[in-house]
>>> print(open('final_29.txt').read())   # compact mmCIF, C-alpha atoms
# COMPACT_ATOMS: atom_id res chain seq x y z
CA MET A 14 0.00 0.00 0.00
CA LEU A 15 2.83 2.39 0.87
CA ALA A 16 4.55 1.71 -2.44
CA ILE A 17 1.30 2.36 -4.34
CA LEU A 18 0.93 5.73 -2.58
CA ALA A 19 4.55 6.55 -3.41
CA TYR A 20 4.11 5.79 -7.10
CA ALA A 21 0.85 7.76 -7.18
CA ALA A 22 2.61 10.72 -5.56
CA LEU A 23 5.41 10.44 -8.12
CA ALA A 24 2.97 10.52 -11.02
CA LEU A 25 1.10 13.51 -9.55
CA ALA A 26 4.38 15.36 -8.94
CA LEU A 27 5.75 14.65 -12.41
CA LEU A 28 2.73 16.21 -14.12
CA PRO A 29 3.21 19.83 -12.92
CA ALA A 30 7.00 19.47 -13.12
CA LEU A 31 6.86 18.60 -16.82
CA VAL A 32 4.17 21.19 -17.64
CA THR A 33 6.14 23.88 -15.79
CA ALA A 34 9.36 22.99 -17.61
CA VAL A 35 7.69 23.51 -20.99
CA ASN A 36 5.78 26.61 -19.87
CA LEU A 37 8.92 28.33 -18.63
CA ALA A 38 10.25 28.19 -22.18
CA VAL A 39 7.18 29.90 -23.70
CA PHE A 40 5.99 32.22 -20.90
CA ARG A 41 8.00 35.31 -21.76
CA ALA A 42 7.96 39.07 -21.31
CA PRO A 43 7.13 41.30 -24.29
CA PRO A 44 10.35 42.30 -26.04
CA PRO A 45 11.53 45.92 -26.12
CA CYS A 46 9.83 48.03 -28.76
CA GLY A 47 11.55 49.13 -31.93
CA PRO A 48 10.98 52.35 -33.86
CA GLY A 49 7.46 53.16 -34.94
CA PRO A 50 4.40 55.23 -34.04
CA ARG A 51 3.83 55.87 -30.35
CA PRO A 52 0.94 53.73 -29.10
CA ARG A 53 -2.00 55.63 -27.63
CA VAL A 54 -2.80 54.11 -24.25
CA SER A 55 -5.50 54.73 -21.66
CA LEU A 56 -4.32 53.46 -18.29
CA LEU A 57 -7.40 52.82 -16.15
CA ILE A 58 -7.08 52.43 -12.37
CA PRO A 59 -10.03 51.57 -10.11
CA ALA A 60 -9.39 52.81 -6.58
CA ARG A 61 -11.39 52.20 -3.42
CA ASN A 62 -9.72 53.37 -0.21
CA GLU A 63 -6.25 53.24 -1.75
CA GLU A 64 -4.55 56.16 -0.02
CA ASN A 65 -1.55 53.96 0.80
CA ASN A 66 -1.11 52.87 -2.81
CA ILE A 67 -2.44 55.39 -5.29
CA GLY A 68 0.36 57.96 -5.04
CA ALA A 69 3.12 55.48 -5.89
CA ALA A 70 0.97 53.92 -8.61
CA LEU A 71 0.53 57.31 -10.28
CA ASP A 72 4.20 58.24 -9.92
CA THR A 73 5.29 55.14 -11.84
CA ALA A 74 2.45 55.32 -14.37
CA LEU A 75 3.12 58.95 -15.28
CA ALA A 76 6.82 58.12 -15.75
CA SER A 77 5.90 55.79 -18.64
CA GLU A 78 7.98 56.18 -21.80
CA GLY A 79 7.26 55.61 -25.48
CA VAL A 80 3.47 56.03 -25.39
CA ASP A 81 0.88 58.78 -25.73
CA LEU A 82 -0.70 58.31 -22.35
CA GLU A 83 -3.75 59.25 -20.40
CA VAL A 84 -4.34 57.97 -16.88
CA VAL A 85 -7.88 57.80 -15.55
CA VAL A 86 -8.52 56.96 -11.89
CA LEU A 87 -11.98 56.06 -10.66
CA ASP A 88 -12.65 56.90 -7.03
CA ASP A 89 -14.98 54.08 -6.04
CA ASP A 90 -16.73 55.67 -3.05
CA SER A 91 -13.54 55.94 -1.00
CA THR A 92 -13.75 57.16 2.56
CA ASP A 93 -10.05 57.99 2.88
CA ARG A 94 -7.71 60.45 1.09
CA THR A 95 -7.61 58.60 -2.24
CA ALA A 96 -9.37 61.36 -4.20
CA ALA A 97 -7.29 64.12 -2.58
CA ILE A 98 -4.03 62.39 -3.48
CA VAL A 99 -5.14 61.98 -7.11
CA ALA A 100 -6.25 65.62 -7.22
CA ALA A 101 -2.82 66.75 -6.02
CA HIS A 102 -1.17 64.76 -8.81
CA MET A 103 -3.56 66.26 -11.35
CA GLN A 104 -2.21 69.69 -10.59
CA ARG A 105 1.22 68.51 -11.74
CA ASP A 106 0.25 66.45 -14.79
CA ALA A 107 -2.56 67.19 -17.25
CA ARG A 108 -2.55 63.59 -18.51
CA LEU A 109 -4.28 62.48 -15.32
CA ARG A 110 -8.04 62.57 -14.74
CA LEU A 111 -10.19 61.63 -11.76
CA VAL A 112 -13.77 60.42 -12.08
CA ALA A 113 -16.22 59.44 -9.38
CA ALA A 114 -18.05 56.13 -9.48
CA PRO A 115 -21.82 56.20 -9.78
CA PRO A 116 -23.78 54.10 -7.26
CA LEU A 117 -23.12 50.37 -7.56
CA PRO A 118 -26.06 48.81 -9.43
CA PRO A 119 -27.62 45.58 -8.14
CA GLY A 120 -25.96 42.45 -9.48
CA TRP A 121 -22.58 44.08 -10.09
CA CYS A 122 -19.26 43.34 -8.40
CA GLY A 123 -17.57 46.57 -7.32
CA LYS A 124 -14.40 46.15 -9.35
CA GLN A 125 -16.19 45.08 -12.54
CA HIS A 126 -18.47 48.10 -12.30
CA ALA A 127 -15.50 50.40 -11.68
CA CYS A 128 -13.66 49.06 -14.73
CA HIS A 129 -16.82 49.27 -16.85
CA VAL A 130 -17.23 52.93 -15.92
CA LEU A 131 -13.55 53.62 -16.56
CA SER A 132 -13.77 52.11 -20.04
CA GLY A 133 -16.43 54.67 -20.92
CA HIS A 134 -14.06 57.52 -20.00
CA ALA A 135 -11.12 56.19 -22.05
CA ARG A 136 -10.10 58.19 -25.12
CA HIS A 137 -7.41 55.96 -26.61
CA PRO A 138 -7.70 52.69 -28.58
CA LEU A 139 -5.68 50.58 -26.12
CA LEU A 140 -7.12 50.06 -22.65
CA VAL A 141 -4.85 48.92 -19.82
CA PHE A 142 -6.55 48.07 -16.54
CA ALA A 143 -4.19 48.08 -13.57
CA ASP A 144 -4.84 47.75 -9.86
CA ALA A 145 -3.83 50.60 -7.58
CA ASP A 146 -1.12 48.47 -5.97
CA VAL A 147 0.67 47.85 -9.30
CA ARG A 148 3.92 49.73 -9.98
CA LEU A 149 4.82 49.92 -13.66
CA ALA A 150 8.30 50.04 -15.17
CA PRO A 151 8.88 53.00 -17.52
CA ASP A 152 8.80 50.83 -20.65
CA ALA A 153 5.97 48.53 -19.52
CA LEU A 154 3.07 50.12 -21.40
CA ALA A 155 5.03 50.50 -24.63
CA ARG A 156 6.09 46.85 -24.54
CA ILE A 157 2.57 45.66 -23.74
CA ALA A 158 1.17 47.72 -26.60
CA GLY A 159 3.82 46.25 -28.92
CA LEU A 160 2.87 42.73 -27.86
CA LEU A 161 -0.78 43.24 -28.81
CA GLU A 162 0.16 44.85 -32.11
CA ARG A 163 2.74 42.26 -33.21
CA GLY A 164 0.74 39.29 -31.95
CA GLY A 165 -2.59 40.46 -33.38
CA LEU A 166 -4.07 40.01 -29.92
CA ASP A 167 -7.30 41.45 -28.58
CA LEU A 168 -6.40 40.96 -24.92
CA ALA A 169 -3.18 40.20 -23.08
CA SER A 170 -2.71 39.83 -19.35
CA GLY A 171 0.55 40.04 -17.44
CA PHE A 172 1.60 38.49 -14.16
CA PRO A 173 3.65 41.07 -12.20
CA HIS A 174 6.42 40.39 -9.73
CA GLU A 175 4.45 39.53 -6.59
CA GLU A 176 6.10 41.11 -3.57
CA THR A 177 5.56 39.40 -0.22
CA GLY A 178 6.27 40.70 3.26
CA THR A 179 4.78 38.40 5.88
CA PRO A 180 5.04 34.59 6.14
CA ALA A 181 1.37 34.20 5.17
CA GLU A 182 1.99 36.13 1.96
CA ALA A 183 5.14 34.15 1.20
CA LEU A 184 3.31 30.85 1.66
CA ILE A 185 0.23 31.59 -0.46
CA VAL A 186 0.79 34.40 -2.99
CA PRO A 187 3.59 32.70 -5.03
CA LEU A 188 1.29 29.73 -5.59
CA ILE A 189 -0.32 31.79 -8.35
CA HIS A 190 2.66 30.88 -10.53
CA VAL A 191 2.61 27.27 -9.31
CA LEU A 192 -1.00 26.86 -10.45
CA LEU A 193 -0.62 28.82 -13.68
CA LEU A 194 2.58 27.22 -14.94
CA GLY A 195 2.03 23.78 -13.48
CA TYR A 196 -1.49 23.12 -14.71
CA LEU A 197 -2.21 25.35 -17.72
CA PRO A 198 -0.40 24.22 -20.90
CA ILE A 199 0.25 27.69 -22.29
CA TRP A 200 1.55 26.39 -25.62
CA LEU A 201 -1.77 24.58 -26.11
CA ALA A 202 -3.84 27.55 -24.93
CA ARG A 203 -2.27 29.64 -27.71
CA HIS A 204 -3.46 27.22 -30.37
CA VAL A 205 -6.83 26.20 -28.95
CA GLN A 206 -9.00 29.26 -28.51
CA HIS A 207 -11.58 27.54 -26.31
CA PRO A 208 -12.62 29.67 -23.30
CA ALA A 209 -11.58 26.87 -20.92
CA PHE A 210 -7.94 27.57 -21.82
CA ALA A 211 -8.22 31.31 -21.15
CA ALA A 212 -6.56 32.79 -18.07
CA GLY A 213 -5.12 36.06 -16.89
CA CYS A 214 -4.22 38.19 -13.91
CA GLY A 215 -6.67 40.88 -12.86
CA GLN A 216 -3.83 43.10 -11.67
CA LEU A 217 -2.76 43.93 -15.24
CA ILE A 218 -4.96 43.46 -18.32
CA ALA A 219 -4.60 45.18 -21.70
CA ALA A 220 -7.27 45.10 -24.38
CA ARG A 221 -8.10 46.73 -27.69
CA ARG A 222 -11.08 49.00 -27.15
CA ASP A 223 -12.98 47.71 -30.20
CA ALA A 224 -12.54 44.08 -29.06
CA TYR A 225 -13.45 45.05 -25.50
CA ARG A 226 -16.78 46.41 -26.71
CA ARG A 227 -17.37 43.42 -29.00
CA ALA A 228 -16.84 41.03 -26.08
CA GLY A 229 -19.13 43.02 -23.80
CA GLY A 230 -16.29 44.25 -21.60
CA HIS A 231 -16.66 44.05 -17.86
CA ALA A 232 -20.43 44.17 -18.28
CA ALA A 233 -20.20 40.60 -19.58
CA ILE A 234 -18.79 39.51 -16.20
CA ARG A 235 -20.64 42.02 -14.03
CA ASN A 236 -21.30 39.67 -11.10
CA SER A 237 -17.86 38.02 -11.18
CA ARG A 238 -15.16 38.53 -8.57
CA HIS A 239 -12.42 36.97 -10.71
CA ASP A 240 -11.83 39.26 -13.69
CA GLY A 241 -8.40 37.74 -14.30
CA LEU A 242 -10.08 34.48 -15.26
CA MET A 243 -13.52 35.54 -16.45
CA LEU A 244 -12.66 38.50 -18.71
CA PRO A 245 -10.32 36.50 -21.00
CA ARG A 246 -12.99 33.81 -21.20
CA ALA A 247 -15.60 36.38 -22.21
CA PHE A 248 -13.25 37.60 -24.94
CA ARG A 249 -12.75 34.09 -26.28
CA ARG A 250 -16.47 33.41 -26.27
CA ALA A 251 -16.81 36.48 -28.50
CA GLY A 252 -14.19 35.13 -30.92
CA CYS A 253 -11.39 37.40 -29.69
CA THR A 254 -7.80 36.31 -29.14
CA THR A 255 -6.14 36.36 -25.72
CA ASP A 256 -2.72 35.51 -24.33
CA LEU A 257 -0.56 35.71 -21.21
CA PHE A 258 2.85 37.26 -20.65
CA ASP A 259 5.47 37.42 -17.94
CA ALA A 260 5.39 40.89 -16.37
CA THR A 261 8.01 40.19 -13.71
CA ASP A 262 10.30 42.91 -15.06
CA LEU A 263 7.48 45.20 -16.19
CA ALA A 264 5.42 45.56 -13.02
CA ARG A 265 5.48 44.76 -9.35
CA CYS A 266 2.66 44.40 -6.89
CA ARG A 267 2.11 43.60 -3.26
CA MET A 268 -1.34 42.05 -3.45
CA TYR A 269 -2.09 41.71 0.23
CA ARG A 270 -0.57 42.67 3.53
CA GLY A 271 -0.77 40.06 6.25
CA GLY A 272 -2.63 36.82 6.76
CA ARG A 273 -6.09 38.34 7.11
CA GLU A 274 -5.93 40.07 3.74
CA VAL A 275 -4.44 36.96 2.11
CA TRP A 276 -7.30 34.82 3.39
CA GLN A 277 -10.05 37.28 2.44
CA GLY A 278 -8.49 38.12 -0.92
CA PHE A 279 -8.08 34.54 -2.08
CA ALA A 280 -11.40 33.45 -0.56
CA LYS A 281 -13.41 36.05 -2.49
CA ASN A 282 -12.28 34.54 -5.83
CA ALA A 283 -12.16 30.91 -4.75
CA THR A 284 -15.57 29.73 -5.91
CA GLU A 285 -14.95 31.05 -9.42
CA GLY A 286 -11.61 29.26 -9.62
CA LEU A 287 -10.69 26.06 -7.80
CA ALA A 288 -13.46 25.90 -5.21
CA LYS A 289 -16.31 24.49 -7.28
CA PRO A 290 -18.19 21.43 -5.99
CA LEU A 291 -17.06 19.17 -8.83
CA ALA A 292 -13.64 20.72 -9.43
CA LEU A 293 -12.28 21.07 -5.90
CA PRO A 294 -12.07 17.31 -5.16
CA VAL A 295 -10.05 16.92 -8.36
CA TRP A 296 -7.79 19.84 -7.40
CA THR A 297 -7.37 18.36 -3.95
CA VAL A 298 -6.05 15.15 -5.49
CA LEU A 299 -3.80 17.02 -7.93
CA LEU A 300 -2.37 19.50 -5.43
CA GLY A 301 -2.46 17.42 -2.27
CA GLY A 302 -1.24 14.31 -4.05
CA GLY A 303 1.41 16.07 -6.12
CA HIS A 304 2.83 18.53 -3.58
CA VAL A 305 2.04 17.32 -0.05
CA LEU A 306 1.77 13.54 -0.31
CA PRO A 307 5.38 12.95 -1.52
CA LEU A 308 6.86 14.31 1.71
CA LEU A 309 4.35 12.51 3.92
CA VAL A 310 4.98 9.19 2.21
CA LEU A 311 8.74 9.72 2.34
CA PHE A 312 8.73 10.17 6.13
CA VAL A 313 6.49 7.13 6.66
CA ALA A 314 8.50 5.00 4.22
CA LEU A 315 11.77 5.89 5.96
CA ALA A 316 10.29 4.94 9.30
CA ALA A 317 8.94 1.67 7.87
CA GLY A 318 12.10 0.83 5.94
CA SER A 319 10.16 0.46 2.68
CA TRP A 320 12.93 1.30 0.26
CA PRO A 321 10.94 1.16 -3.02
CA ALA A 322 8.51 3.65 -1.48
CA VAL A 323 11.43 5.75 -0.23
CA ALA A 324 12.94 5.89 -3.72
CA ALA A 325 9.66 6.81 -5.46
CA SER A 326 8.61 9.40 -2.88
CA ALA A 327 12.11 10.92 -2.77
CA LEU A 328 12.03 11.33 -6.55
CA ALA A 329 8.58 12.91 -6.26
CA GLY A 330 9.89 15.29 -3.61
CA ALA A 331 12.80 16.20 -5.87
CA CYS A 332 10.30 17.07 -8.63
CA VAL A 333 8.30 19.23 -6.22
CA TYR A 334 11.25 21.17 -4.84
CA GLY A 335 13.16 21.31 -8.11
CA THR A 336 10.14 22.88 -9.81
CA ARG A 337 9.58 25.33 -6.97
CA ILE A 338 13.23 26.39 -6.93
CA ALA A 339 13.02 27.05 -10.66
CA LEU A 340 10.04 29.34 -10.03
CA VAL A 341 11.85 31.11 -7.18
CA LEU A 342 14.84 31.85 -9.40
CA ARG A 343 12.81 32.90 -12.44
CA PHE A 344 10.22 35.06 -10.67
CA ARG A 345 12.23 36.19 -7.62
CA GLN A 346 9.90 34.52 -5.15
CA SER A 347 10.33 34.02 -1.42
CA TRP A 348 12.73 31.26 -0.37
CA LEU A 349 10.69 30.81 2.82
CA GLY A 350 7.60 30.01 0.75
CA ALA A 351 9.62 27.54 -1.30
CA LEU A 352 11.06 25.81 1.78
CA LEU A 353 7.57 25.43 3.28
CA HIS A 354 5.92 24.69 -0.05
CA PRO A 355 3.88 21.64 1.09
CA LEU A 356 2.51 23.70 3.99
CA GLY A 357 1.53 26.48 1.60
CA ILE A 358 -0.33 24.02 -0.64
CA ALA A 359 -2.10 22.54 2.39
CA LEU A 360 -3.18 25.99 3.56
CA LEU A 361 -4.39 26.87 0.06
CA LEU A 362 -6.56 23.75 -0.02
CA ILE A 363 -7.96 24.53 3.43
CA LEU A 364 -8.78 28.03 2.22
CA GLN A 365 -10.52 26.70 -0.89
CA TRP A 366 -12.60 24.18 1.02
CA SER A 367 -13.53 26.83 3.59
CA ALA A 368 -14.67 29.16 0.81
CA LEU A 369 -16.73 26.41 -0.80
CA VAL A 370 -18.41 25.46 2.47
CA ALA A 371 -19.17 29.13 3.19
CA GLU A 372 -20.67 29.50 -0.28
CA LEU A 373 -22.85 26.41 0.12
CA ARG A 374 -24.04 27.72 3.48
CA GLY A 375 -24.99 31.05 1.91
CA ARG A 376 -22.31 33.09 3.65
CA PRO A 377 -21.05 35.96 1.45
CA ALA A 378 -17.42 36.75 0.77
CA VAL A 379 -16.43 40.16 2.10
CA TRP A 380 -13.90 42.46 0.44
CA ARG A 381 -13.35 46.21 0.72
CA GLY A 382 -16.44 46.54 2.88
CA ARG A 383 -18.72 44.87 0.33
CA ALA A 384 -20.35 41.46 0.61
CA TYR A 385 -20.60 39.15 -2.41
CA LEU A 386 -22.51 35.92 -2.87
CA SER A 387 -22.50 34.00 -6.14
>>> encode(input="final_29.txt", output="structure tokens")
Amino acid sequence: MLAILAYAALALALLPALVTAVNLAVFRAPPPCGPGPRPRVSLLIPARNEENNIGAALDTALASEGVDLEVVVLDDDSTDRTAAIVAAHMQRDARLRLVAAPPLPPGWCGKQHACHVLSGHARHPLLVFADADVRLAPDALARIAGLLERGGLDLASGFPHEETGTPAEALIVPLIHVLLLGYLPIWLARHVQHPAFAAGCGQLIAARRDAYRRAGGHAAIRNSRHDGLMLPRAFRRAGCTTDLFDATDLARCRMYRGGREVWQGFAKNATEGLAKPLALPVWTVLLGGGHVLPLLVLFVALAAGSWPAVAASALAGACVYGTRIALVLRFRQSWLGALLHPLGIALLLILQWSALVAELRGRPAVWRGRAYLS
């Protein structure tokens, strides 16, 4: 029985290791732009109580090079100094505008409504939606615009460098790359335009305005909490092309600060991602069996002196840690999170199951003072 578990763990660990190895070769940053017309870009930033973030976000955005830029910030009913900070920046740069969000209509998620409103204020043909905690490199927008132009894409989403400060952040946040690169065959997603292969990161999404309107924009996903996943799928359902890119050197972001925010932030999106009644048991087998089970079996096999099980589980553990180290080096992730990787996966699964149970019991997810129930 122990040997069977060890071989099962090895098979489940080999799958994401092999998929990640191939994905790392094709998941690339947009190349630097050559000579040509300056892209016209509308950078759209939804902001709700972002006084600690919005100033730095605007400083980096307004330092963008190689584009004709406008920056539009939507103050989504903030109760802090968000609007005042934007207004102070407006006095120094005419490219910046501030708009106020209308009341949130029934059936809309706050962020989707904010982005929908922002899209109506955009003047340029390329829309870039960025969260208020994203810090852009000077050449980021020009390179993103070049990627859409050269690739004939309607939407492209980038995964920024995810900064982590606390142990909870280091354990959970880097798992975004583990899931993306370990279980989505990006090379296949680029050739099969089915919505099931669409993915993205809601922190940084660029779209052609004409395609955005054709796909229905954020109105098509108005009640969703997971725009990074649902918006690319809406584009593909409308016959538009989407892709992913590595934004590690183009943008940085600290998603959450502390364990409470990590839990609430991941829980609010869980039931539109992994935590579905039919999908979560499968993900539990894939993630628990491929990332946690190898170490458990190894310890038990060593204690029992079952050397075939030791060999298989040790090889599975090598796959797990070898893959994670590759991600740490490539995306500058936390070494603490890598060392405690099985614990991080276990906590992620607990979070997903907790979110699913809460959803089935009719308990809403709470984020930014708003309650959401699918």
>>> closest_atom_pairs(input="final_29.txt", of="region 174-287 of chain A", to="region 36-59 of chain A", cutoff="7 Å", atoms="only C-alpha atoms", output="Markdown table")
| residue | atom | partner | partner_atom | distance |
| --- | --- | --- | --- | --- |
| A:Leu194 | CA | A:Asn36 | CA | 5.9 |
| A:Pro198 | CA | A:Asn36 | CA | 6.7 |
| A:Ile199 | CA | A:Asn36 | CA | 6.1 |
| A:Trp200 | CA | A:Val39 | CA | 6.9 |
| A:Phe258 | CA | A:Ala42 | CA | 5.5 |
| A:Asp259 | CA | A:Ala42 | CA | 4.5 |
| A:Ala260 | CA | A:Ala42 | CA | 5.9 |
>>> residues_around(input="final_29.txt", residues="region 90-105 of chain A", least_positions_apart="6", cutoff="12 Å", atoms="all atoms listed in the file", output="ChimeraX atom specification")
/A:58-75,83-84,111-117,123-124,127,145,381-383
>>> closest_residue(input="final_29.txt", among="A:Leu192, A:Ala211, A:Leu149, A:Ile218", to="Gly171 (chain A)", atoms="only C-alpha atoms")
A:Ile218
>>> residues_around(input="final_29.txt", residues="region 307-311 of chain A", least_positions_apart="2", cutoff="12 Å", atoms="only C-alpha atoms", output="number ranges by chain")
A: 14-27, 299-305, 313-334, 353-356
>>> closest_residue(input="final_29.txt", among="A:Arg156, A:Arg148, A:Lys281, A:His137", to="Asp240 (chain A)", atoms="only C-alpha atoms")
A:Lys281
>>> residues_around(input="final_29.txt", residues="Trp366 (chain A)", least_positions_apart="6", cutoff="10 Å", atoms="only C-alpha atoms", output="number ranges by chain")
A: 280, 283-284, 287-290, 293-294, 297, 360, 372
>>> atom_distance(input="final_29.txt", atom1="CA of Asp106 (chain A)", atom2="CA of Gly230 (chain A)")
28.5 Å
>>> residues_near_point(input="final_29.txt", point="(0.4, 44.1, -8.1)", cutoff="6 Å", atoms="all atoms listed in the file", output="list in words")
Asp146, Val147, Gln216, Arg265, Cys266, Arg267 and Met268 of chain A
>>> closest_residue(input="final_29.txt", among="A:Glu78, A:Asp89, A:Glu182, A:Glu175", to="Gly350 (chain A)", atoms="only C-alpha atoms")
A:Glu182
>>> atom_distance(input="final_29.txt", atom1="CA of Ala228 (chain A)", atom2="CA of Ala209 (chain A)")
16.0 Å
